[in-house]
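**Student:** Pasting start-v2.txt here (compact mmCIF, C-alpha atoms):
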```txt
# COMPACT_ATOMS: atom_id res chain seq x y z
CA MET O 697 -73.67 25.05 -70.32
CA GLY O 698 -71.44 27.90 -71.54
CA PHE O 699 -68.88 25.63 -73.12
CA ASP O 700 -69.45 23.17 -76.02
CA LEU O 701 -66.66 20.66 -76.52
CA PHE O 702 -67.72 19.74 -80.08
CA TYR O 703 -67.61 23.34 -81.33
CA LEU O 704 -64.16 23.74 -79.82
CA PHE O 705 -62.99 20.48 -81.41
CA ARG O 706 -64.35 21.56 -84.78
CA TYR O 707 -62.72 24.96 -84.54
CA LEU O 708 -59.34 23.57 -83.52
CA LEU O 709 -59.47 20.83 -86.16
CA CYS O 710 -60.15 23.35 -88.88
CA LEU O 711 -57.44 25.70 -87.65
CA LEU O 712 -54.75 23.05 -87.27
CA CYS O 713 -55.54 21.31 -90.57
CA THR O 714 -55.46 24.59 -92.48
CA ILE O 715 -52.15 25.64 -90.94
CA TYR O 716 -50.62 22.21 -91.50
CA ALA O 717 -51.73 22.05 -95.14
CA ALA O 718 -50.52 25.60 -95.86
CA VAL O 719 -47.12 24.94 -94.29
CA ARG O 720 -46.64 21.62 -96.14
CA ILE O 721 -47.65 23.08 -99.51
CA GLY O 722 -45.36 26.06 -98.96
CA GLN O 723 -42.44 23.79 -98.03
CA THR O 724 -42.99 21.59 -101.08
CA LEU O 725 -43.18 24.55 -103.44
CA ILE O 726 -40.03 26.10 -102.00
CA ARG O 727 -38.18 22.76 -102.25
CA TRP O 728 -39.19 22.26 -105.89
CA ARG O 729 -38.28 25.81 -106.75
CA ARG O 730 -34.85 25.53 -105.17
CA TRP O 731 -34.17 22.21 -106.89
CA LEU O 732 -35.40 23.18 -110.36
CA TRP O 733 -34.08 26.70 -110.58
CA ALA O 734 -30.59 25.83 -109.39
CA ASP O 735 -27.73 26.82 -111.70
CA GLY O 736 -25.98 24.25 -113.82
CA ARG O 737 -26.31 22.40 -117.08
CA SER O 738 -27.82 19.27 -115.58
CA GLN O 739 -30.50 21.26 -113.75
CA ALA O 740 -31.31 23.16 -116.94
CA LEU O 741 -31.69 19.83 -118.74
CA VAL O 742 -33.95 18.46 -116.01
CA ARG O 743 -35.99 21.66 -116.07
CA ARG O 744 -36.41 21.44 -119.84
CA TYR O 745 -37.29 17.75 -119.70
CA LEU O 746 -39.81 18.29 -116.92
CA MET O 747 -41.39 21.09 -118.90
CA ALA O 748 -41.68 18.85 -121.95
CA HIS O 749 -43.30 16.16 -119.81
CA LEU O 750 -45.76 18.62 -118.31
CA VAL O 751 -46.73 19.85 -121.75
CA ARG O 752 -47.29 16.29 -122.91
CA VAL O 753 -49.73 15.42 -120.09
CA ARG O 754 -53.02 14.29 -121.53
CA LEU O 755 -55.68 15.94 -119.36
CA ARG O 756 -58.36 13.73 -120.91
CA ARG O 757 -56.81 10.76 -119.13
CA PHE O 758 -57.56 12.29 -115.71
CA GLY O 759 -60.93 13.72 -116.74
CA LEU O 760 -62.94 11.30 -114.59
CA ASP O 761 -60.86 12.05 -111.47
CA VAL O 762 -61.18 15.79 -112.02
CA LEU O 763 -64.94 15.41 -112.48
CA GLN O 764 -65.20 13.47 -109.22
CA ILE O 765 -63.22 16.18 -107.41
CA VAL O 766 -65.48 18.90 -108.79
CA LEU O 767 -68.51 16.90 -107.67
CA LEU O 768 -67.09 16.41 -104.17
CA VAL O 769 -66.31 20.14 -103.88
CA VAL O 770 -69.90 20.96 -104.86
CA ILE O 771 -71.25 18.49 -102.26
CA LEU O 772 -68.96 19.93 -99.56
CA TRP O 773 -70.05 23.46 -100.42
CA GLN O 774 -73.72 22.49 -100.21
CA VAL O 775 -73.22 20.78 -96.83
CA ILE O 776 -71.48 23.89 -95.51
CA LEU O 777 -74.34 26.06 -96.77
CA LEU O 778 -76.83 23.79 -94.99
CA HIS O 779 -75.25 24.81 -91.66
CA GLU O 780 -76.66 28.29 -92.14
CA ARG O 781 -80.19 27.03 -92.83
CA ILE O 782 -80.53 24.82 -89.75
CA MET T 1065 -35.49 7.32 -161.61
CA ASN T 1066 -36.72 9.41 -164.57
CA GLU T 1067 -40.27 10.64 -165.21
CA SER T 1068 -41.27 7.77 -167.55
CA GLU T 1069 -40.22 5.17 -164.99
CA LYS T 1070 -42.14 7.03 -162.34
CA SER T 1071 -45.27 7.20 -164.45
CA GLN T 1072 -44.97 3.48 -165.25
CA ARG T 1073 -44.69 2.72 -161.55
CA ASP T 1074 -47.67 4.94 -160.81
CA GLN T 1075 -49.68 3.10 -163.45
CA LYS T 1076 -48.74 -0.24 -161.91
CA VAL T 1077 -49.73 1.07 -158.50
CA SER T 1078 -53.00 2.34 -159.91
CA THR T 1079 -53.91 -0.97 -161.57
CA GLY T 1080 -52.80 -2.91 -158.48
CA LEU T 1081 -54.88 -0.78 -156.12
CA VAL T 1082 -58.01 -2.84 -156.72
CA ASP T 1083 -56.23 -6.01 -155.59
CA LEU T 1084 -54.99 -4.51 -152.32
CA PRO T 1085 -56.81 -5.38 -149.08
CA ASN T 1086 -58.39 -2.54 -147.11
CA ASP T 1087 -55.64 -2.19 -144.52
CA GLU T 1088 -53.01 -1.97 -147.26
CA LEU T 1089 -55.11 0.64 -149.02
CA VAL T 1090 -55.29 2.69 -145.84
CA ARG T 1091 -51.51 2.34 -145.37
CA TYR T 1092 -50.84 3.38 -148.95
CA GLY T 1093 -53.25 6.31 -148.62
CA THR T 1094 -51.46 7.40 -145.46
CA GLU T 1095 -48.16 7.28 -147.38
CA LEU T 1096 -49.73 9.68 -149.86
CA GLY T 1097 -50.56 12.04 -147.02
CA LEU T 1098 -54.24 11.17 -146.67
CA ARG T 1099 -56.05 10.79 -143.36
CA LEU T 1100 -58.16 7.66 -143.78
CA ARG T 1101 -60.34 5.70 -141.40
CA GLN T 1102 -59.65 1.97 -141.10
CA ASN T 1103 -63.35 1.17 -141.45
CA ALA T 1104 -63.98 3.43 -144.45
CA PRO T 1105 -65.83 1.74 -147.35
CA ARG T 1106 -63.55 0.22 -149.97
CA GLY T 1107 -65.01 2.26 -152.85
CA GLU T 1108 -64.45 5.44 -150.90
CA LEU T 1109 -60.82 4.50 -150.16
CA LEU T 1110 -60.11 3.76 -153.84
CA ARG T 1111 -61.73 6.98 -154.97
CA VAL T 1112 -59.84 9.16 -152.51
CA ILE T 1113 -56.49 7.49 -153.25
CA ARG T 1114 -56.92 7.87 -157.02
CA GLN T 1115 -57.87 11.50 -156.58
CA ARG T 1116 -54.74 12.05 -154.52
CA GLN T 1117 -52.57 10.30 -157.12
CA GLU T 1118 -54.01 12.52 -159.86
CA LEU T 1119 -53.46 15.60 -157.74
CA LEU T 1120 -49.83 14.67 -157.07
CA VAL T 1121 -49.24 14.21 -160.80
CA GLN T 1122 -50.63 17.71 -161.41
CA LEU T 1123 -48.58 19.40 -158.69
CA SER T 1124 -44.97 20.29 -159.34
CA ARG T 1125 -42.29 18.90 -157.05
CA GLN T 1126 -40.74 22.34 -156.65
CA ALA T 1127 -44.03 23.70 -155.29
CA LEU T 1128 -44.17 20.89 -152.75
CA LEU T 1129 -40.55 21.55 -151.78
CA ASP T 1130 -41.44 25.25 -151.33
CA VAL T 1131 -44.14 24.27 -148.85
CA CYS T 1132 -41.74 22.04 -146.90
CA VAL T 1133 -39.10 24.79 -146.79
CA TRP T 1134 -41.71 27.34 -145.68
CA ALA T 1135 -42.86 25.06 -142.85
CA ARG T 1136 -39.23 24.00 -142.17
CA ARG T 1137 -40.03 20.29 -142.45
CA PRO T 1138 -36.93 18.05 -142.58
CA VAL T 1139 -36.89 16.60 -146.13
CA ARG T 1140 -34.32 15.63 -148.73
CA GLN T 1141 -34.16 17.71 -151.88
CA SER T 1142 -34.61 14.50 -153.86
CA ALA T 1143 -37.68 13.37 -151.87
CA SER T 1144 -40.54 11.96 -153.91
CA LYS T 1145 -43.87 13.73 -154.26
CA GLU T 1146 -45.50 11.12 -152.00
CA GLN T 1147 -42.99 11.78 -149.22
CA LEU T 1148 -43.40 15.52 -149.59
CA ALA T 1149 -47.19 15.22 -149.55
CA ARG T 1150 -46.99 13.13 -146.38
CA GLU T 1151 -44.91 15.82 -144.71
CA ILE T 1152 -47.20 18.58 -145.93
CA THR T 1153 -50.33 16.99 -144.48
CA GLN T 1154 -48.74 17.23 -141.04
CA ILE T 1155 -48.33 20.99 -141.37
CA GLY T 1156 -50.86 23.01 -139.44
CA LYS T 1157 -49.21 26.39 -139.93
CA MET T 1158 -51.60 29.14 -141.02
CA ASP T 1159 -49.23 32.07 -141.40
CA PHE T 1160 -48.70 32.05 -145.16
CA ALA T 1161 -46.12 34.82 -145.29
CA GLU T 1162 -42.94 33.77 -147.12
CA LEU T 1163 -44.73 30.98 -148.95
CA SER T 1164 -44.35 31.12 -152.72
CA ARG T 1165 -47.43 31.33 -154.94
CA ALA T 1166 -46.90 27.84 -156.37
CA GLY T 1167 -46.44 26.54 -152.83
CA LEU T 1168 -49.62 28.27 -151.68
CA ILE T 1169 -51.66 26.69 -154.47
CA ALA T 1170 -50.12 23.26 -153.80
CA LEU T 1171 -50.83 23.57 -150.08
CA ALA T 1172 -54.42 24.61 -150.71
CA ARG T 1173 -55.05 21.71 -153.08
CA LEU T 1174 -53.48 19.20 -150.70
CA ARG T 1175 -55.74 20.54 -147.93
CA GLY T 1176 -58.74 20.01 -150.20
CA VAL T 1177 -59.30 23.69 -150.88
CA GLU T 1178 -59.97 24.82 -154.42
CA ALA T 1179 -57.27 27.11 -155.81
CA ASP T 1180 -57.00 28.25 -159.41
CA ASP T 1181 -53.78 29.42 -160.97
CA ASP T 1182 -55.21 32.84 -161.87
CA GLU T 1183 -56.75 33.47 -158.47
CA PRO T 1184 -55.32 36.20 -156.20
CA ASP T 1185 -53.22 34.99 -153.24
CA GLU T 1186 -55.40 36.71 -150.66
CA GLN T 1187 -58.50 34.86 -151.85
CA ILE T 1188 -56.73 31.49 -151.55
CA LYS T 1189 -55.40 32.38 -148.10
CA ARG T 1190 -58.89 33.41 -146.96
CA ARG T 1191 -60.33 30.15 -148.22
CA LEU T 1192 -57.59 28.19 -146.45
CA ARG T 1193 -58.36 29.97 -143.19
CA ARG T 1194 -62.07 29.25 -143.59
CA ALA T 1195 -61.36 25.58 -144.28
CA GLU T 1196 -59.56 25.13 -140.96
CA THR T 1197 -61.78 23.20 -138.57
CA LEU T 1198 -62.43 24.40 -135.02
CA PRO T 1199 -60.52 21.52 -133.32
CA ASP T 1200 -57.53 22.16 -135.62
CA MET T 1201 -57.62 25.84 -134.82
CA LEU T 1202 -57.88 25.19 -131.08
CA ARG T 1203 -54.99 22.71 -131.28
CA ARG T 1204 -52.90 25.25 -133.19
CA LYS T 1205 -53.64 28.01 -130.68
CA ARG T 1206 -52.92 25.71 -127.76
CA ARG T 1207 -49.58 24.68 -129.25
CA ALA T 1208 -48.69 28.33 -129.91
CA LEU T 1209 -49.47 29.13 -126.28
CA GLU T 1210 -47.43 26.16 -125.06
CA ALA T 1211 -44.54 27.15 -127.31
CA ALA T 1212 -44.63 30.73 -126.02
CA LEU T 1213 -44.70 29.45 -122.43
CA VAL T 1214 -41.85 27.00 -122.94
CA GLY T 1215 -39.88 29.63 -124.87
CA LYS T 1216 -40.17 31.97 -121.89
CA LEU T 1217 -39.42 29.38 -119.23
CA VAL T 1218 -36.55 27.59 -120.93
CA PRO T 1219 -33.49 29.70 -121.68
CA GLY T 1220 -32.56 29.52 -125.35
CA GLY T 1221 -35.99 28.06 -126.18
CA SER T 1222 -36.77 30.72 -128.75
CA ALA T 1223 -34.39 31.79 -131.48
CA ASP T 1224 -34.15 35.52 -132.16
CA GLU T 1225 -34.05 35.11 -135.92
CA PRO T 1226 -34.77 31.91 -137.88
CA LYS T 1227 -31.73 30.20 -139.40
CA GLU T 1228 -31.55 29.45 -143.08
CA TYR T 1229 -33.35 26.26 -144.06
CA ARG T 1230 -31.15 23.32 -145.08
CA PHE T 1231 -32.32 20.11 -146.72
CA LEU T 1232 -31.43 16.75 -145.21
CA PRO T 1233 -28.22 15.26 -146.63
CA GLU T 1234 -28.65 12.94 -149.60
CA ASN T 1235 -27.84 9.25 -149.50
CA HIS T 1236 -25.20 8.93 -152.19
CA ALA T 1237 -24.47 5.37 -153.22
CA HIS T 1238 -20.79 4.46 -153.68
CA SER T 1239 -19.66 4.10 -157.27
CA ASP T 1240 -18.58 0.61 -158.33
CA LEU T 1241 -15.00 -0.74 -158.35
CA ARG T 1242 -14.51 -0.42 -162.09
CA GLU T 1243 -15.43 3.25 -162.06
CA ARG T 1244 -13.11 3.89 -159.13
CA VAL T 1245 -10.16 2.08 -160.77
CA GLU T 1246 -10.79 4.08 -163.91
CA GLN T 1247 -10.77 7.31 -161.96
CA GLU T 1248 -8.09 6.67 -159.30
CA GLY T 1249 -5.91 3.86 -160.65
CA LEU T 1250 -5.66 0.22 -159.49
CA VAL T 1251 -4.29 0.64 -155.97
CA GLY T 1252 -6.08 3.89 -155.28
CA GLY T 1253 -9.36 2.50 -156.60
CA ILE T 1254 -9.16 -0.70 -154.54
CA ALA T 1255 -8.08 1.24 -151.44
CA SER T 1256 -10.90 3.70 -151.96
CA LYS T 1257 -13.41 0.88 -152.42
CA LEU T 1258 -12.16 -0.88 -149.28
CA ARG T 1259 -12.35 2.35 -147.37
CA GLY T 1260 -15.87 2.83 -148.64
CA VAL T 1261 -16.85 -0.68 -147.52
CA ALA T 1262 -15.26 -0.12 -144.12
CA ASP T 1263 -17.02 3.22 -143.84
CA ASP T 1264 -20.30 1.54 -144.73
CA TYR T 1265 -19.71 -1.13 -142.11
CA VAL T 1266 -18.84 1.42 -139.44
CA SER T 1267 -21.80 3.65 -140.32
CA GLN T 1268 -24.08 0.62 -140.30
CA LYS T 1269 -22.82 -0.35 -136.84
CA LEU T 1270 -23.14 3.23 -135.64
CA ASP T 1271 -26.70 3.33 -136.96
CA GLU T 1272 -27.41 0.11 -135.11
CA ILE T 1273 -25.97 1.52 -131.88
CA GLU T 1274 -27.93 4.71 -132.40
CA ARG T 1275 -31.12 2.73 -132.89
CA ARG T 1276 -30.45 0.80 -129.69
CA ILE T 1277 -29.82 4.01 -127.77
CA ASP T 1278 -33.00 5.52 -129.23
CA ARG T 1279 -34.95 2.43 -128.22
CA LYS T 1280 -33.54 2.59 -124.71
CA LEU T 1281 -34.30 6.32 -124.46
CA ASP T 1282 -37.85 5.68 -125.65
CA GLU T 1283 -38.17 3.00 -123.00
CA ILE T 1284 -36.92 5.38 -120.28
CA ASP T 1285 -39.25 8.07 -121.58
CA GLY T 1286 -42.19 5.67 -121.49
CA ARG T 1287 -41.36 4.67 -117.91
CA LEU T 1288 -41.09 8.30 -116.87
CA GLN T 1289 -44.46 9.01 -118.45
CA GLU T 1290 -45.99 6.10 -116.53
CA TRP T 1291 -44.40 7.38 -113.33
CA ARG T 1292 -45.71 10.90 -114.00
CA ASP T 1293 -49.23 9.65 -114.70
CA ARG T 1294 -49.15 7.43 -111.59
CA GLU T 1295 -47.96 10.38 -109.52
CA ILE T 1296 -50.76 12.63 -110.82
CA THR T 1297 -53.33 9.90 -110.19
CA ASN T 1298 -52.04 9.48 -106.61
CA ARG T 1299 -52.24 13.21 -105.98
CA LEU T 1300 -55.77 13.34 -107.32
CA ARG T 1301 -56.71 10.37 -105.14
CA LEU T 1302 -55.32 12.17 -102.08
CA ILE T 1303 -57.38 15.24 -102.93
CA LYS T 1304 -60.46 13.05 -103.23
CA ILE T 1305 -59.80 11.36 -99.88
CA THR T 1306 -59.32 14.77 -98.24
CA LEU T 1307 -62.58 16.00 -99.71
CA VAL T 1308 -64.48 12.87 -98.62
CA VAL T 1309 -63.15 13.21 -95.05
CA SER T 1310 -64.06 16.92 -95.08
CA ILE T 1311 -67.58 16.07 -96.21
CA LEU T 1312 -67.91 13.44 -93.47
CA VAL T 1313 -66.75 15.92 -90.81
CA ALA T 1314 -69.11 18.55 -92.23
CA LEU T 1315 -71.99 16.05 -92.14
CA LEU T 1316 -71.11 15.14 -88.55
CA SER T 1317 -71.08 18.79 -87.67
CA LEU T 1318 -74.41 19.30 -89.44
CA GLY T 1319 -75.96 16.36 -87.58
CA TYR T 1320 -74.65 17.65 -84.28
CA LYS T 1321 -76.05 21.08 -84.97
CA TYR T 1322 -79.41 19.61 -85.94
CA MET T 1323 -79.57 17.43 -82.81
CA ASP T 1324 -78.52 20.38 -80.75
CA ARG T 1325 -81.35 22.42 -82.19
CA LEU T 1326 -83.86 19.61 -81.66
CA ALA T 1327 -82.81 19.24 -78.06
CA GLY T 1328 -83.46 22.94 -77.69
CA SER T 1329 -80.28 23.56 -75.84
CA ALA T 1330 -78.85 26.47 -77.70
CA PRO T 1331 -75.09 26.69 -77.35
CA VAL T 1332 -73.75 29.62 -75.50
CA GLU T 1333 -72.76 32.71 -77.38
CA GLN T 1334 -69.09 31.96 -76.99
CA GLY T 1335 -69.38 28.53 -78.57
CA ARG T 1336 -71.42 29.88 -81.48
CA GLN T 1337 -68.95 32.63 -82.14
CA GLY T 1338 -66.22 30.05 -82.33
CA ALA T 1339 -68.29 27.68 -84.46
CA ALA T 1340 -69.49 30.12 -87.07
CA PRO T 1341 -66.22 30.52 -89.01
CA VAL T 1342 -65.49 26.80 -88.58
CA ALA T 1343 -68.76 25.81 -90.19
CA THR T 1344 -67.78 27.63 -93.33
CA GLN T 1345 -64.23 26.31 -93.38
CA ASP T 1346 -64.33 22.56 -92.68
```
Mind turning the file's structure into structure tokens?
**Tutor:**
Amino acid sequence: MGFDLFYLFRYLLCLLCTIYAAVRIGQTLIRWRRWLWADGRSQALVRRYLMAHLVRVRLRRFGLDVLQIVLLVVILWQVILLHERI
Amino acid sequence: MNESEKSQRDQKVSTGLVDLPNDELVRYGTELGLRLRQNAPRGELLRVIRQRQELLVQLSRQALLDVCVWARRPVRQSASKEQLAREITQIGKMDFAELSRAGLIALARLRGVEADDDEPDEQIKRRLRRAETLPDMLRRKRRALEAALVGKLVPGGSADEPKEYRFLPENHAHSDLRERVEQEGLVGGIASKLRGVADDYVSQKLDEIERRIDRKLDEIDGRLQEWRDREITNRLRLIKITLVVSILVALLSLGYKYMDRLAGSAPVEQGRQGAAPVATQD
């Protein structure tokens, strides 16, 4: 009775997923940084071009997706809060 | 083209305006630097275009050139008033320092702000600032922020001191053969004419090649934009999938907790201690 397999599974899942996501994001950021901030004329051109492209992104085009994400975050937050009330 | 020819042409344009279809009217209005809606009533289009024509007649070309130089728009010194007005309507700059008085009045009138010749500069500037709409102001601020950001991130993105403004080069037509022979002699004149023709041919071909390269670059740019947008959409979709899975796991956990409570078998202290931080994280 002293051991609940589901709670352990939930705890491990959360721990592993968080570590995995953090490591992958960190790796990606480091890789991009190394690639973009390398010395050289071609890299400077790419950097400038990428910056121009980023500036030209029309956020309105992805408005619906962003709204859905915000909605999902709110739902997730509410479900997590419900854990405390039960 | 002298002033009388210009005024005759303007008169022809004015009398022919009534015969033009709506889309042509809108196109012509846009050439005069107006922002017109395609579905605007015909009477309204005619009225606005005539008003703009009258205004352009009143404004001096030098004043319009002053505005273009102040905003550093690429124009030829010989550009017509219509061309200058079209360039000026694209200017959103609100820092009126270094703009001549004639230029300031011309800018104000083209932006639809009243400006009298005997009015103080500050009053006109204040009125211009008040006339700026909120979306225009927000767009201007956003662009200034973007420019500052890009200037910081990209080396050489911001010049320390602005260079002197230079007009675009003029398109000088070649003089005819007779004039050349008169000036340079028979052989020299013919040789010069031939050279001019060859130069024209080469420059025409170069222009054609340049246009092709531009078209290809535009195509590549368009493809890159599509790729960028697809990439952003994919990333957003992945975030959504992650969130949906997280919600499902959270719901499963909630259901388990509820069933657990209903069954009355409270988990042991150790399990709860482990579960508490998890419940707020997954």
**Student:** Of the residues T:Leu1119, T:Val1313, T:Leu1109, T:Ile1296, which is the one nearest to Leu755 (chain O), using all atoms listed in the file?
**Tutor:**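 So, comparing all the options, the nearest one is T:Ile1296.
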**Student:** Between O:Ala717, O:Ile726, O:Leu772, O:Met747, which has the minimum distance to Ala1211 (chain T) (counting all atoms listed in the file)?
**Tutor:**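 Nearest to Ala1211 (chain T): O:Met747.
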**Student:** Select all residues from chain O having any atom no more than 8 Å from an atom of chain T (counting all atoms listed in the file, ignoring ligands), output as number ranges by chain.
**Tutor:** O: 697-700, 703-704, 706-707, 710, 740, 743-744, 747, 749, 751, 753, 758, 761-762, 764-765, 768-769, 771-772, 775-779, 782
**Student:** How many Å lie between CA of Arg1091 (chain T) and CA of Gln1154 (chain T), rounded to one decimal?
**Tutor:** 15.8 Å
**Student:** Measuring between only C-alpha atoms, which one of T:Arg1175, T:Lys1216, T:Asp1181, T:Tyr1229 shows the shortest distance to Thr1197 (chain T)?
**Tutor:**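 So, comparing all the options, the nearest one is T:Arg1175.
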**Student:** Would you please work out which residue, of T:Val1082, T:Leu1209, T:Ile1254, T:Leu1168, is nearest to Cys1132 (chain T) when using all atoms listed in the file?
**Tutor:**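 Among T:Val1082, T:Leu1209, T:Ile1254, T:Leu1168, it is T:Leu1168 that comes nearest to Cys1132 (chain T).
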